[in-house]
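Right, one structure below, let's go through it.
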Amino acid sequence: LFTKELEAQMLVGNADIAVHSLKDLPTNLPSGLKLGCITKREDPADALVVNEKNNCFNLESLPAGSIVGTSSLRRLAQLRNKFPHLKFKDIRGNVITRIEKLDSGEFDCIILAAAGLKRLGFESRIHQIIPKEISLHAVGQGALGIECKSEDKKVMKIINVLEDKPTSQRCLAERAFLRELEGGCQVPIGVNSSIKNEKLYLTGMVASMNGERLIKDQSVGDTNNPEEVGKQLANKLKLQGAKEILDEIFEQFRDN
């Protein structure tokens, strides 16, 4: 079921919880529902999967004109910014379908989430974990979020044992960043987060669709107030022109 259908089932009492890939869960939830817990995160990075003929290359050494498959505007913008000599082609379908298209020779390589490949048993196809210096990942990528009714204390107590606090702190900061920018999962917004010495480090970026403009910055704050870290970073990027970039993107969507 899609997110809205799952939420409707909970609101009418047909379901107690809904388990989501957190990157696909909107940052603003319907009245009466809440993000009850976030489970331990798998590797949130993006991964390079190559056609056999390109086994000797990584992303940085791919020959000019190589065809890279991705359906993500976030990945596309960052890769265009770093590698303007590569060709980018839209790819659709589930993970298996995409790998089949790659192996048939339609693409030289494709970019997928490392977490999805690992969970589906395709870890051996990961040719390179893409460094965060090249591609910041999607908000919430690699984590699962469990949604429940806001006032259901019984369910909250049950699912609380699944909560992973460091993952939750990082993802709440990422989601606050996205919410403050009023962005969504289809917009070129990327993040990377970590916790060191009880401090939460959040890096975020906003890019234009063609990758020619890319704004990146970092905020550091208290792990016990992760949403404030996310808001601070969003406001930093707004001061550097992020809102203008996003307004242009939303205008393009409206025109289409």
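Chain labels run A, B, ... following the order of the structure tokens; each chain numbers its residues from 1, and ligands are numbered from 1 in the order shown.
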
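Contact shell of A:Ile38 at 6 Å (only C-alpha atoms; same-chain neighbours under 4 positions omitted): A:Leu144, A:Gly145, A:Glu163, A:Ser168.
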
Quick one: write out the picked residues with N, CA and C atoms as a CSV table (one decimal), in the first residue's frame?
chain,number,residue,atom,x,y,z
A,144,LEU,N,14.2,2.8,8.7
A,144,LEU,CA,12.8,2.5,8.6
A,144,LEU,C,12.1,3.3,9.7
A,145,GLY,N,11.0,3.9,9.4
A,145,GLY,CA,10.2,4.6,10.3
A,145,GLY,C,8.8,3.9,10.6
A,163,GLU,N,13.3,1.3,18.8
A,163,GLU,CA,14.0,2.6,18.6
A,163,GLU,C,15.5,2.5,18.7
A,168,SER,N,17.7,7.8,15.4
A,168,SER,CA,16.6,8.7,15.5
A,168,SER,C,17.0,10.2,15.6

Pull the closest atom pair for each residue of stretch 203-238 of chain A that gets at most 8 Å from stretch 76-91 of chain A, along with the distance in Å to one decimal, counting only C-alpha atoms, ordering rows by chain and then ascending residue number, as CSV.
residue,atom,partner,partner_atom,distance
A:Ala207,CA,A:Ala77,CA,6.2
A:Ser208,CA,A:Ala77,CA,6.6
A:Met209,CA,A:Ala77,CA,5.5
A:Asn210,CA,A:Ala77,CA,5.7
A:Gly211,CA,A:Ala77,CA,4.2
A:Glu212,CA,A:Asn81,CA,5.8
A:Arg213,CA,A:Asn81,CA,7.8
A:Leu214,CA,A:Asn81,CA,7.6

Query raised in the report: Near stretch 30-37 of chain A, within 12 Å and counting only C-alpha atoms, which residues show up once chain neighbours fewer than 2 positions away are dropped, as a PyMOL selection string?
Result: chain A and resi 3-13+15-22+25-28+39-41+143-169+171-172+175

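Counting only C-alpha atoms and comparing A:Ile111, A:Ala234, A:Val206, A:Leu239, the residue that lies closest to A:Ser219 is A:Ala234.
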
**Report entry** Polymer residues at most 8 Å from A:Arg125, only C-alpha atoms, same-chain spacing of 3 or more positions, as number ranges by chain
**Finding:** A: 49-50, 117, 122

Requested in this report: For A:Lys238, list every protein, DNA or RNA residue within 12 Å, evaluated using only C-alpha atoms, and leave out those in the same chain fewer than 4 positions away; present the list as a list in words.
Outcome: Phe177, Leu178, Glu180, Leu181, Glu182, Gly204, Met205, Val206, Ile215, Lys216, Asp217, Lys231, Gln232, Leu233, Ala234, Ala242, Lys243, Glu244, Ile245, Leu246 and Asp247 of chain A

Query raised in the report: Could you pull out the strand (DSSP E or B) residues of stretch 16-239 of chain A from DSSP and send them as a PyMOL selection string?
Result: chain A and resi 17-21+33-38+46-50+67-69+87-89+109-113+128-129+137+144-149+189-196+199-207+214-222

Requested in this report: In Å, rounded to a single decimal, give me how far atom CA of A:Glu227 is from atom CA of A:Leu200.
Outcome: 10.5 Å

Requested in this report: Give the answer as one residue: which of A:Arg170, A:Lys53, A:Arg254, A:Lys236 has the shortest atom-to-atom distance to A:Gly105, using only C-alpha atoms?
Outcome: A:Lys53

Query raised in the report: Where in stretch 1-202 of chain A does DSSP assign alpha helix (DSSP H), given as JSON, numbers by chain?
Result: {"A": [3, 4, 5, 6, 7, 8, 9, 10, 11, 73, 74, 75, 76, 77, 78, 79, 80, 81, 82, 95, 96, 97, 98, 99, 100, 101, 102, 103, 114, 115, 116, 117, 118, 119, 153, 154, 155, 156, 157, 158, 159, 165, 166, 167, 168, 169, 170, 171, 172, 173, 174, 175, 176, 177, 178, 179, 180, 181]}

Kindly provide the residues of stretch 167-198 of chain A that approach stretch 127-138 of chain A to within 9 Å, each paired with its closest atom pair and their distance in Å to one decimal, based on only C-alpha atoms, listed by chain and increasing number, as a Markdown table.
| residue | atom | partner | partner_atom | distance |
| --- | --- | --- | --- | --- |
| A:Glu174 | CA | A:Ala138 | CA | 8.9 |
| A:Cys185 | CA | A:Ala138 | CA | 7.4 |
| A:Pro188 | CA | A:Ala138 | CA | 8.9 |
| A:Ile189 | CA | A:Ala138 | CA | 7.1 |
| A:Gly190 | CA | A:Leu136 | CA | 4.8 |
| A:Val191 | CA | A:Leu136 | CA | 5.0 |
| A:Asn192 | CA | A:Leu136 | CA | 5.8 |

Report summary line: As a check of understanding: the span from atom CA of A:Val187 to atom CA of A:Pro226 is 22.2 Å

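Reported to one decimal place, the separation of atom CA of A:Val139 from atom CA of A:Tyr201 is 14.1 Å.
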
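If only C-alpha atoms are the atoms counted, then among A:Thr203, A:Ser72, A:Thr97, A:Gln141 the closest residue to A:Asp24 is A:Gln141.
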